[in-house]
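Data block for work.txt (compact mmCIF, N, CA and C atoms):
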# COMPACT_ATOMS: atom_id res chain seq x y z
N MET A 10 2.72 3.66 -67.29
CA MET A 10 2.54 3.76 -65.85
C MET A 10 2.85 5.19 -65.43
N SER A 11 1.93 5.82 -64.74
CA SER A 11 2.15 7.20 -64.32
C SER A 11 3.02 7.24 -63.06
N GLU A 12 3.50 8.44 -62.77
CA GLU A 12 4.39 8.62 -61.62
C GLU A 12 3.65 8.37 -60.30
N GLU A 13 2.36 8.66 -60.25
CA GLU A 13 1.58 8.45 -59.04
C GLU A 13 1.46 6.97 -58.71
N GLU A 14 1.35 6.13 -59.73
CA GLU A 14 1.23 4.70 -59.51
C GLU A 14 2.55 4.09 -59.10
N ALA A 15 3.67 4.67 -59.51
CA ALA A 15 4.99 4.11 -59.25
C ALA A 15 5.43 4.29 -57.81
N SER A 16 5.08 5.39 -57.20
CA SER A 16 5.52 5.64 -55.82
C SER A 16 4.35 5.41 -54.86
N PRO A 17 4.51 4.46 -53.96
CA PRO A 17 3.43 4.21 -53.01
C PRO A 17 3.30 5.36 -52.01
N VAL A 18 2.09 5.66 -51.65
CA VAL A 18 1.82 6.73 -50.70
C VAL A 18 1.77 6.12 -49.31
N ILE A 19 2.61 6.64 -48.44
CA ILE A 19 2.64 6.15 -47.07
C ILE A 19 2.01 7.22 -46.19
N ASP A 20 0.94 6.85 -45.52
CA ASP A 20 0.28 7.78 -44.61
C ASP A 20 1.05 7.81 -43.30
N LYS A 21 1.50 8.98 -42.94
CA LYS A 21 2.21 9.14 -41.68
C LYS A 21 1.22 9.61 -40.62
N LYS A 22 1.29 8.96 -39.48
CA LYS A 22 0.41 9.35 -38.38
C LYS A 22 0.98 10.61 -37.74
N GLU A 23 0.09 11.51 -37.41
CA GLU A 23 0.54 12.77 -36.83
C GLU A 23 -0.41 13.22 -35.71
N ASN A 24 -0.78 12.30 -34.86
CA ASN A 24 -1.67 12.64 -33.76
C ASN A 24 -0.94 13.53 -32.76
N ASP A 25 -1.67 14.50 -32.26
CA ASP A 25 -1.10 15.36 -31.22
C ASP A 25 -1.17 14.59 -29.90
N PHE A 26 -0.18 14.80 -29.06
CA PHE A 26 -0.16 14.11 -27.77
C PHE A 26 0.16 15.11 -26.67
N SER A 27 -0.31 14.81 -25.49
CA SER A 27 -0.08 15.69 -24.35
C SER A 27 1.17 15.24 -23.60
N ASP A 28 1.60 16.09 -22.70
CA ASP A 28 2.76 15.75 -21.87
C ASP A 28 2.42 14.55 -20.98
N ASP A 29 1.17 14.47 -20.54
CA ASP A 29 0.73 13.35 -19.72
C ASP A 29 0.79 12.04 -20.50
N ASP A 30 0.37 12.08 -21.77
CA ASP A 30 0.46 10.90 -22.63
C ASP A 30 1.92 10.47 -22.80
N LEU A 31 2.79 11.45 -22.96
CA LEU A 31 4.22 11.17 -23.11
C LEU A 31 4.77 10.50 -21.86
N GLN A 32 4.40 11.02 -20.69
CA GLN A 32 4.88 10.44 -19.43
C GLN A 32 4.44 8.99 -19.29
N LYS A 33 3.20 8.71 -19.65
CA LYS A 33 2.68 7.33 -19.56
C LYS A 33 3.43 6.41 -20.51
N ALA A 34 3.67 6.86 -21.73
CA ALA A 34 4.38 6.05 -22.71
C ALA A 34 5.83 5.82 -22.27
N TRP A 35 6.46 6.85 -21.71
CA TRP A 35 7.85 6.73 -21.24
C TRP A 35 7.94 5.70 -20.11
N LYS A 36 6.98 5.77 -19.18
CA LYS A 36 6.96 4.80 -18.07
C LYS A 36 6.69 3.39 -18.57
N ALA A 37 5.83 3.27 -19.58
CA ALA A 37 5.53 1.94 -20.14
C ALA A 37 6.78 1.35 -20.79
N PHE A 38 7.54 2.17 -21.49
CA PHE A 38 8.78 1.67 -22.10
C PHE A 38 9.79 1.28 -21.02
N ALA A 39 9.90 2.11 -19.99
CA ALA A 39 10.82 1.81 -18.88
C ALA A 39 10.42 0.51 -18.19
N GLU A 40 9.12 0.28 -18.07
CA GLU A 40 8.62 -0.96 -17.45
C GLU A 40 9.00 -2.17 -18.30
N GLN A 41 8.92 -2.03 -19.62
CA GLN A 41 9.32 -3.13 -20.51
C GLN A 41 10.81 -3.44 -20.37
N LYS A 42 11.59 -2.42 -20.05
CA LYS A 42 13.05 -2.56 -19.98
C LYS A 42 13.55 -2.74 -18.56
N LYS A 43 12.68 -3.13 -17.63
CA LYS A 43 13.10 -3.22 -16.23
C LYS A 43 14.19 -4.26 -16.02
N ASP A 44 14.30 -5.25 -16.92
CA ASP A 44 15.36 -6.25 -16.81
C ASP A 44 16.58 -5.90 -17.65
N ALA A 45 16.61 -4.70 -18.21
CA ALA A 45 17.74 -4.27 -19.05
C ALA A 45 18.95 -3.96 -18.18
N GLY A 46 20.02 -3.61 -18.83
CA GLY A 46 21.25 -3.28 -18.12
C GLY A 46 21.13 -1.99 -17.33
N ASP A 47 22.13 -1.76 -16.49
CA ASP A 47 22.13 -0.58 -15.64
C ASP A 47 22.16 0.72 -16.44
N THR A 48 22.89 0.71 -17.56
CA THR A 48 22.99 1.95 -18.34
C THR A 48 21.65 2.34 -18.95
N GLU A 49 20.89 1.37 -19.43
CA GLU A 49 19.58 1.67 -19.99
C GLU A 49 18.62 2.15 -18.90
N ARG A 50 18.64 1.48 -17.76
CA ARG A 50 17.76 1.88 -16.66
C ARG A 50 18.10 3.28 -16.17
N LEU A 51 19.40 3.63 -16.19
CA LEU A 51 19.82 4.96 -15.77
C LEU A 51 19.19 6.02 -16.68
N VAL A 52 19.27 5.82 -17.98
CA VAL A 52 18.71 6.78 -18.94
C VAL A 52 17.19 6.82 -18.82
N LEU A 53 16.56 5.66 -18.66
CA LEU A 53 15.10 5.61 -18.59
C LEU A 53 14.54 6.18 -17.29
N SER A 54 15.41 6.38 -16.30
CA SER A 54 14.95 6.98 -15.04
C SER A 54 14.92 8.51 -15.12
N LYS A 55 15.44 9.06 -16.20
CA LYS A 55 15.49 10.52 -16.36
C LYS A 55 14.13 11.05 -16.79
N SER A 56 13.95 12.34 -16.61
CA SER A 56 12.66 12.95 -16.95
C SER A 56 12.60 13.37 -18.41
N VAL A 57 11.40 13.29 -18.95
CA VAL A 57 11.15 13.72 -20.33
C VAL A 57 10.03 14.76 -20.31
N LYS A 58 10.02 15.58 -21.34
CA LYS A 58 8.93 16.54 -21.50
C LYS A 58 8.69 16.74 -22.99
N LYS A 59 7.51 17.22 -23.29
CA LYS A 59 7.15 17.45 -24.68
C LYS A 59 7.82 18.73 -25.15
N GLY A 60 8.47 18.66 -26.30
CA GLY A 60 9.10 19.82 -26.89
C GLY A 60 8.28 20.34 -28.05
N GLU A 61 8.90 21.16 -28.87
CA GLU A 61 8.23 21.72 -30.04
C GLU A 61 8.36 20.78 -31.23
N ASN A 62 7.44 20.89 -32.15
CA ASN A 62 7.47 20.13 -33.41
C ASN A 62 7.62 18.63 -33.21
N HIS A 63 6.80 18.06 -32.38
CA HIS A 63 6.76 16.61 -32.15
C HIS A 63 8.05 16.07 -31.54
N SER A 64 8.77 16.90 -30.83
CA SER A 64 10.01 16.41 -30.22
C SER A 64 9.77 16.05 -28.76
N VAL A 65 10.59 15.14 -28.29
CA VAL A 65 10.59 14.72 -26.90
C VAL A 65 11.94 15.13 -26.34
N VAL A 66 11.93 15.92 -25.27
CA VAL A 66 13.17 16.41 -24.68
C VAL A 66 13.51 15.54 -23.48
N LEU A 67 14.69 14.94 -23.54
CA LEU A 67 15.16 14.06 -22.47
C LEU A 67 16.28 14.77 -21.73
N MET A 68 16.09 14.97 -20.43
CA MET A 68 17.07 15.67 -19.61
C MET A 68 18.07 14.66 -19.04
N LEU A 69 19.31 14.74 -19.50
CA LEU A 69 20.36 13.83 -19.04
C LEU A 69 21.37 14.59 -18.20
N GLY A 70 22.14 13.85 -17.42
CA GLY A 70 23.08 14.47 -16.50
C GLY A 70 24.47 14.69 -17.07
N SER A 71 24.84 13.97 -18.13
CA SER A 71 26.19 14.10 -18.67
C SER A 71 26.24 13.59 -20.10
N GLN A 72 27.35 13.85 -20.75
CA GLN A 72 27.55 13.38 -22.11
C GLN A 72 27.64 11.85 -22.13
N LEU A 73 28.09 11.27 -21.04
CA LEU A 73 28.17 9.81 -20.94
C LEU A 73 26.77 9.19 -21.05
N GLU A 74 25.79 9.79 -20.43
CA GLU A 74 24.43 9.29 -20.51
C GLU A 74 23.88 9.41 -21.94
N VAL A 75 24.33 10.41 -22.68
CA VAL A 75 23.93 10.55 -24.09
C VAL A 75 24.45 9.35 -24.87
N SER A 76 25.68 8.94 -24.60
CA SER A 76 26.24 7.78 -25.31
C SER A 76 25.50 6.50 -24.92
N PHE A 77 25.01 6.40 -23.69
CA PHE A 77 24.21 5.24 -23.28
C PHE A 77 22.91 5.21 -24.08
N LEU A 78 22.29 6.38 -24.26
CA LEU A 78 21.03 6.48 -25.00
C LEU A 78 21.21 6.07 -26.45
N GLU A 79 22.33 6.41 -27.03
CA GLU A 79 22.57 6.12 -28.45
C GLU A 79 22.51 4.63 -28.74
N LYS A 80 22.74 3.80 -27.74
CA LYS A 80 22.71 2.35 -27.95
C LYS A 80 21.30 1.82 -28.21
N PHE A 81 20.28 2.52 -27.71
CA PHE A 81 18.91 2.01 -27.88
C PHE A 81 17.92 3.11 -28.24
N ASP A 82 18.40 4.23 -28.75
CA ASP A 82 17.49 5.34 -29.04
C ASP A 82 16.50 5.04 -30.16
N THR A 83 16.87 4.25 -31.15
CA THR A 83 15.91 3.93 -32.21
C THR A 83 14.76 3.10 -31.67
N GLU A 84 15.06 2.23 -30.73
CA GLU A 84 14.01 1.40 -30.10
C GLU A 84 13.04 2.29 -29.32
N VAL A 85 13.57 3.27 -28.61
CA VAL A 85 12.73 4.18 -27.84
C VAL A 85 11.84 4.99 -28.77
N VAL A 86 12.42 5.53 -29.83
CA VAL A 86 11.67 6.36 -30.77
C VAL A 86 10.56 5.54 -31.42
N GLN A 87 10.86 4.33 -31.85
CA GLN A 87 9.84 3.48 -32.46
C GLN A 87 8.70 3.19 -31.50
N PHE A 88 9.04 2.92 -30.23
CA PHE A 88 8.02 2.65 -29.23
C PHE A 88 7.14 3.88 -29.02
N LEU A 89 7.77 5.05 -28.86
CA LEU A 89 6.99 6.26 -28.63
C LEU A 89 6.12 6.61 -29.83
N ARG A 90 6.65 6.42 -31.03
CA ARG A 90 5.86 6.68 -32.23
C ARG A 90 4.64 5.78 -32.29
N SER A 91 4.81 4.53 -31.91
CA SER A 91 3.71 3.58 -31.93
C SER A 91 2.69 3.91 -30.84
N GLU A 92 3.16 4.13 -29.62
CA GLU A 92 2.26 4.39 -28.49
C GLU A 92 1.50 5.70 -28.65
N LEU A 93 2.16 6.73 -29.15
CA LEU A 93 1.55 8.05 -29.23
C LEU A 93 0.93 8.33 -30.60
N GLN A 94 0.99 7.33 -31.50
CA GLN A 94 0.39 7.45 -32.83
C GLN A 94 0.89 8.70 -33.57
N ASN A 95 2.23 8.88 -33.56
CA ASN A 95 2.81 10.04 -34.23
C ASN A 95 4.16 9.62 -34.81
N ASP A 96 4.24 9.57 -36.15
CA ASP A 96 5.45 9.12 -36.83
C ASP A 96 6.51 10.21 -36.96
N HIS A 97 6.26 11.38 -36.42
CA HIS A 97 7.21 12.49 -36.54
C HIS A 97 8.01 12.71 -35.25
N ILE A 98 7.81 11.87 -34.27
CA ILE A 98 8.49 12.04 -32.98
C ILE A 98 9.99 11.85 -33.13
N VAL A 99 10.74 12.76 -32.54
CA VAL A 99 12.19 12.65 -32.44
C VAL A 99 12.59 12.94 -31.00
N ILE A 100 13.73 12.41 -30.60
CA ILE A 100 14.22 12.65 -29.24
C ILE A 100 15.36 13.66 -29.30
N ARG A 101 15.23 14.71 -28.50
CA ARG A 101 16.31 15.67 -28.31
C ARG A 101 16.82 15.51 -26.90
N THR A 102 18.13 15.58 -26.73
CA THR A 102 18.70 15.46 -25.40
C THR A 102 19.20 16.81 -24.94
N GLU A 103 19.05 17.06 -23.68
CA GLU A 103 19.60 18.26 -23.04
C GLU A 103 20.37 17.79 -21.83
N ILE A 104 21.54 18.35 -21.67
CA ILE A 104 22.37 18.00 -20.52
C ILE A 104 22.13 19.05 -19.44
N ALA A 105 21.63 18.59 -18.31
CA ALA A 105 21.33 19.49 -17.20
C ALA A 105 22.62 19.88 -16.51
N GLU A 106 22.76 21.17 -16.28
CA GLU A 106 23.94 21.65 -15.57
C GLU A 106 23.76 21.39 -14.09
N ILE A 107 24.73 20.72 -13.53
CA ILE A 107 24.67 20.41 -12.10
C ILE A 107 25.47 21.47 -11.36
N GLU A 108 24.78 22.13 -10.47
CA GLU A 108 25.42 23.19 -9.71
C GLU A 108 26.24 22.56 -8.58
N SER A 109 27.52 22.82 -8.61
CA SER A 109 28.37 22.26 -7.56
C SER A 109 28.37 23.19 -6.36
N GLU A 110 28.27 22.60 -5.21
CA GLU A 110 28.24 23.38 -4.00
C GLU A 110 29.65 23.68 -3.54
N LYS A 111 29.82 24.86 -2.99
CA LYS A 111 31.12 25.26 -2.46
C LYS A 111 31.36 24.51 -1.15
N LYS A 112 32.55 23.95 -1.03
CA LYS A 112 32.91 23.24 0.20
C LYS A 112 33.16 24.25 1.31
N LEU A 113 32.69 23.92 2.48
CA LEU A 113 32.85 24.79 3.65
C LEU A 113 34.04 24.29 4.47
N TYR A 114 35.17 25.00 4.34
CA TYR A 114 36.38 24.55 5.02
C TYR A 114 36.68 25.37 6.28
N THR A 115 36.49 26.66 6.22
CA THR A 115 36.85 27.51 7.36
C THR A 115 35.62 27.81 8.21
N SER A 116 35.89 28.27 9.42
CA SER A 116 34.78 28.62 10.30
C SER A 116 34.01 29.82 9.75
N THR A 117 34.69 30.73 9.06
CA THR A 117 34.02 31.87 8.45
C THR A 117 33.07 31.41 7.35
N ASP A 118 33.50 30.42 6.52
CA ASP A 118 32.63 29.89 5.47
C ASP A 118 31.40 29.23 6.08
N ILE A 119 31.61 28.47 7.14
CA ILE A 119 30.50 27.79 7.79
C ILE A 119 29.52 28.81 8.37
N PHE A 120 30.07 29.86 9.01
CA PHE A 120 29.20 30.89 9.59
C PHE A 120 28.41 31.62 8.51
N ASP A 121 29.07 31.98 7.40
CA ASP A 121 28.38 32.67 6.31
C ASP A 121 27.24 31.81 5.76
N TYR A 122 27.48 30.51 5.64
CA TYR A 122 26.44 29.59 5.17
C TYR A 122 25.26 29.57 6.16
N MET A 123 25.59 29.54 7.45
CA MET A 123 24.54 29.51 8.47
C MET A 123 23.75 30.82 8.49
N VAL A 124 24.42 31.95 8.22
CA VAL A 124 23.74 33.24 8.18
C VAL A 124 22.74 33.28 7.02
N LYS A 125 23.09 32.62 5.91
CA LYS A 125 22.14 32.55 4.79
C LYS A 125 20.89 31.80 5.20
N GLN A 126 21.05 30.79 6.06
CA GLN A 126 19.91 30.02 6.52
C GLN A 126 19.11 30.78 7.58
N ASN A 127 19.82 31.55 8.43
CA ASN A 127 19.16 32.28 9.52
C ASN A 127 19.90 33.60 9.73
N PRO A 128 19.44 34.69 9.13
CA PRO A 128 20.13 35.97 9.22
C PRO A 128 20.27 36.52 10.64
N ASP A 129 19.47 36.06 11.59
CA ASP A 129 19.56 36.54 12.97
C ASP A 129 20.88 36.14 13.63
N LEU A 130 21.57 35.15 13.10
CA LEU A 130 22.85 34.74 13.67
C LEU A 130 23.89 35.84 13.57
N LYS A 131 23.85 36.63 12.51
CA LYS A 131 24.81 37.73 12.35
C LYS A 131 24.59 38.75 13.46
N ASP A 132 23.33 39.06 13.74
CA ASP A 132 23.02 40.01 14.81
C ASP A 132 23.49 39.47 16.16
N LEU A 133 23.30 38.18 16.40
CA LEU A 133 23.74 37.56 17.65
C LEU A 133 25.26 37.61 17.78
N LYS A 134 25.96 37.33 16.70
CA LYS A 134 27.43 37.39 16.71
C LYS A 134 27.90 38.80 17.04
N ASP A 135 27.27 39.79 16.42
CA ASP A 135 27.66 41.18 16.67
C ASP A 135 27.37 41.60 18.10
N ARG A 136 26.22 41.20 18.64
CA ARG A 136 25.85 41.56 20.02
C ARG A 136 26.81 40.95 21.04
N LEU A 137 27.22 39.71 20.77
CA LEU A 137 28.12 39.04 21.72
C LEU A 137 29.58 39.38 21.47
N GLY A 138 29.88 40.07 20.41
CA GLY A 138 31.24 40.47 20.11
C GLY A 138 32.13 39.30 19.73
N LEU A 139 31.56 38.30 19.05
CA LEU A 139 32.32 37.12 18.67
C LEU A 139 33.11 37.39 17.40
N ASP A 140 34.26 36.70 17.31
CA ASP A 140 35.11 36.86 16.13
C ASP A 140 35.64 35.49 15.76
N PHE A 141 35.53 35.13 14.49
CA PHE A 141 35.97 33.81 14.05
C PHE A 141 37.43 33.79 13.59
N ASP A 142 38.05 34.95 13.42
CA ASP A 142 39.45 34.99 13.01
C ASP A 142 40.31 34.84 14.25
N TYR A 143 41.10 33.79 14.28
CA TYR A 143 41.90 33.53 15.48
C TYR A 143 43.22 34.25 15.41

Give the structure from the file, written as structure tokens.
Amino acid sequence: MSEEEASPVIDKKENDFSDDDLQKAWKAFAEQKKDAGDTERLVLSKSVKKGENHSVVLMLGSQLEVSFLEKFDTEVVQFLRSELQNDHIVIRTEIAEIESEKKLYTSTDIFDYMVKQNPDLKDLKDRLGLDFDY
């Protein structure tokens, strides 16, 4: 028996897919899981995009959401591989940095914020001779 006969050849599907195809498949999987728990629905509500080398990039908000994904990530990968006809698909996660806003406590902070929205307020304050420091 030769070596070629001993090892079965498995044809791997490697169809190229578009970002639009990925979005449709992601929504289809989310629709199948609409009765799932809150943690799964939270992860499935996040956005995905096509990455390099057959990867799917999932944008999550925290490390906690990554742990939620780990509970069912093989199921997601299998579904996407089947739907998109590509056996090389892998999921990569990226944690989006959430920019925290500065709290406005003093009247000077509030005024500075308002000036960013409308620079003419600074001119008005100067013309009227207003001062926020009591």

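Of the listed residues A:Leu133, A:Leu67, A:Ala34, A:Ala45, the one whose atoms come nearest to Ala105 (chain A) is A:Leu67, with distances taken using only C-alpha atoms.
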
For the structure I just gave you, how does DSSP split region 90-140 of chain A - specifically, which residues are helix (DSSP H, G or I)? Reply as a short mmCIF file (atom, residue, chain, number, x, y, z; two decimals) with N, CA and C atoms, keeping the file's coordinate frame.
data_model
loop_
_atom_site.label_atom_id
_atom_site.label_comp_id
_atom_site.auth_asym_id
_atom_site.auth_seq_id
_atom_site.Cartn_x
_atom_site.Cartn_y
_atom_site.Cartn_z
N ARG A 90 6.65 6.42 -31.03
CA ARG A 90 5.86 6.68 -32.23
C ARG A 90 4.64 5.78 -32.29
N SER A 91 4.81 4.53 -31.91
CA SER A 91 3.71 3.58 -31.93
C SER A 91 2.69 3.91 -30.84
N GLU A 92 3.16 4.13 -29.62
CA GLU A 92 2.26 4.39 -28.49
C GLU A 92 1.50 5.70 -28.65
N LEU A 93 2.16 6.73 -29.15
CA LEU A 93 1.55 8.05 -29.23
C LEU A 93 0.93 8.33 -30.60
N SER A 116 35.89 28.27 9.42
CA SER A 116 34.78 28.62 10.30
C SER A 116 34.01 29.82 9.75
N THR A 117 34.69 30.73 9.06
CA THR A 117 34.02 31.87 8.45
C THR A 117 33.07 31.41 7.35
N ASP A 118 33.50 30.42 6.52
CA ASP A 118 32.63 29.89 5.47
C ASP A 118 31.40 29.23 6.08
N ILE A 119 31.61 28.47 7.14
CA ILE A 119 30.50 27.79 7.79
C ILE A 119 29.52 28.81 8.37
N PHE A 120 30.07 29.86 9.01
CA PHE A 120 29.20 30.89 9.59
C PHE A 120 28.41 31.62 8.51
N ASP A 121 29.07 31.98 7.40
CA ASP A 121 28.38 32.67 6.31
C ASP A 121 27.24 31.81 5.76
N TYR A 122 27.48 30.51 5.64
CA TYR A 122 26.44 29.59 5.17
C TYR A 122 25.26 29.57 6.16
N MET A 123 25.59 29.54 7.45
CA MET A 123 24.54 29.51 8.47
C MET A 123 23.75 30.82 8.49
N VAL A 124 24.42 31.95 8.22
CA VAL A 124 23.74 33.24 8.18
C VAL A 124 22.74 33.28 7.02
N LYS A 125 23.09 32.62 5.91
CA LYS A 125 22.14 32.55 4.79
C LYS A 125 20.89 31.80 5.20
N GLN A 126 21.05 30.79 6.06
CA GLN A 126 19.91 30.02 6.52
C GLN A 126 19.11 30.78 7.58
N ASP A 129 19.47 36.06 11.59
CA ASP A 129 19.56 36.54 12.97
C ASP A 129 20.88 36.14 13.63
N LEU A 130 21.57 35.15 13.10
CA LEU A 130 22.85 34.74 13.67
C LEU A 130 23.89 35.84 13.57
N LYS A 131 23.85 36.63 12.51
CA LYS A 131 24.81 37.73 12.35
C LYS A 131 24.59 38.75 13.46
N ASP A 132 23.33 39.06 13.74
CA ASP A 132 23.02 40.01 14.81
C ASP A 132 23.49 39.47 16.16
N LEU A 133 23.30 38.18 16.40
CA LEU A 133 23.74 37.56 17.65
C LEU A 133 25.26 37.61 17.78
N LYS A 134 25.96 37.33 16.70
CA LYS A 134 27.43 37.39 16.71
C LYS A 134 27.90 38.80 17.04
N ASP A 135 27.27 39.79 16.42
CA ASP A 135 27.66 41.18 16.67
C ASP A 135 27.37 41.60 18.10
N ARG A 136 26.22 41.20 18.64
CA ARG A 136 25.85 41.56 20.02
C ARG A 136 26.81 40.95 21.04
N LEU A 137 27.22 39.71 20.77
CA LEU A 137 28.12 39.04 21.72
C LEU A 137 29.58 39.38 21.47
#

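In this model, the gap between atom N of Lys55 (chain A) and atom C of Met68 (chain A) comes to 6.8 Å.
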
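Atom N of Phe77 (chain A) sits 7.8 Å away from atom N of Glu49 (chain A).
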
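The spacing separating atom C of Gln94 (chain A) from atom N of Asp25 (chain A) amounts to 6.5 Å.
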
With a distance cut-off of 8 Å and all atoms listed in the file, select the neighbouring residues of Glu23 (chain A), excluding the residue or stretch itself and same-chain residues fewer than 4 positions from it, and output the selection as a PyMOL selection string.
chain A and resi 93-98

Given the selection you just returned, output its residues as a file containing N, CA and C atoms, formatted as a PDB file, in the frame of the given file.
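Result written to result-v8.pdb:
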ATOM      1  N   LEU A  93       2.160   6.730 -29.150  1.00  0.00           N
ATOM      2  CA  LEU A  93       1.550   8.050 -29.230  1.00  0.00           C
ATOM      3  C   LEU A  93       0.930   8.330 -30.600  1.00  0.00           C
ATOM      4  N   GLN A  94       0.990   7.330 -31.500  1.00  0.00           N
ATOM      5  CA  GLN A  94       0.390   7.450 -32.830  1.00  0.00           C
ATOM      6  C   GLN A  94       0.890   8.700 -33.570  1.00  0.00           C
ATOM      7  N   ASN A  95       2.230   8.880 -33.560  1.00  0.00           N
ATOM      8  CA  ASN A  95       2.810  10.040 -34.230  1.00  0.00           C
ATOM      9  C   ASN A  95       4.160   9.620 -34.810  1.00  0.00           C
ATOM     10  N   ASP A  96       4.240   9.570 -36.150  1.00  0.00           N
ATOM     11  CA  ASP A  96       5.450   9.120 -36.830  1.00  0.00           C
ATOM     12  C   ASP A  96       6.510  10.210 -36.960  1.00  0.00           C
ATOM     13  N   HIS A  97       6.260  11.380 -36.420  1.00  0.00           N
ATOM     14  CA  HIS A  97       7.210  12.490 -36.540  1.00  0.00           C
ATOM     15  C   HIS A  97       8.010  12.710 -35.250  1.00  0.00           C
ATOM     16  N   ILE A  98       7.810  11.870 -34.270  1.00  0.00           N
ATOM     17  CA  ILE A  98       8.490  12.040 -32.980  1.00  0.00           C
ATOM     18  C   ILE A  98       9.990  11.850 -33.130  1.00  0.00           C
TER      19      ILE A  98
END

Just list the residues in chain A DSSP gives strand (DSSP E) on the backbone, as a ChimeraX atom specification.
/A:57-59,64-69,99-104

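Using only C-alpha atoms, the shortest contact distance between Lys59 (chain A) and any of A:Phe81, A:Arg101, A:Gln87, A:Ser71 is found at A:Arg101.
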
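Distance check against Gln72 (chain A) using only N, CA and C atoms: of A:Asp47, A:Ile104, A:Pro128, A:Phe120, the minimum falls on A:Ile104.
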
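For the set A:Lys111, A:Arg136, A:Lys42, A:Lys22, the residue with the smallest atom-to-atom gap to Glu84 (chain A) is A:Lys42, counting only C-alpha atoms.
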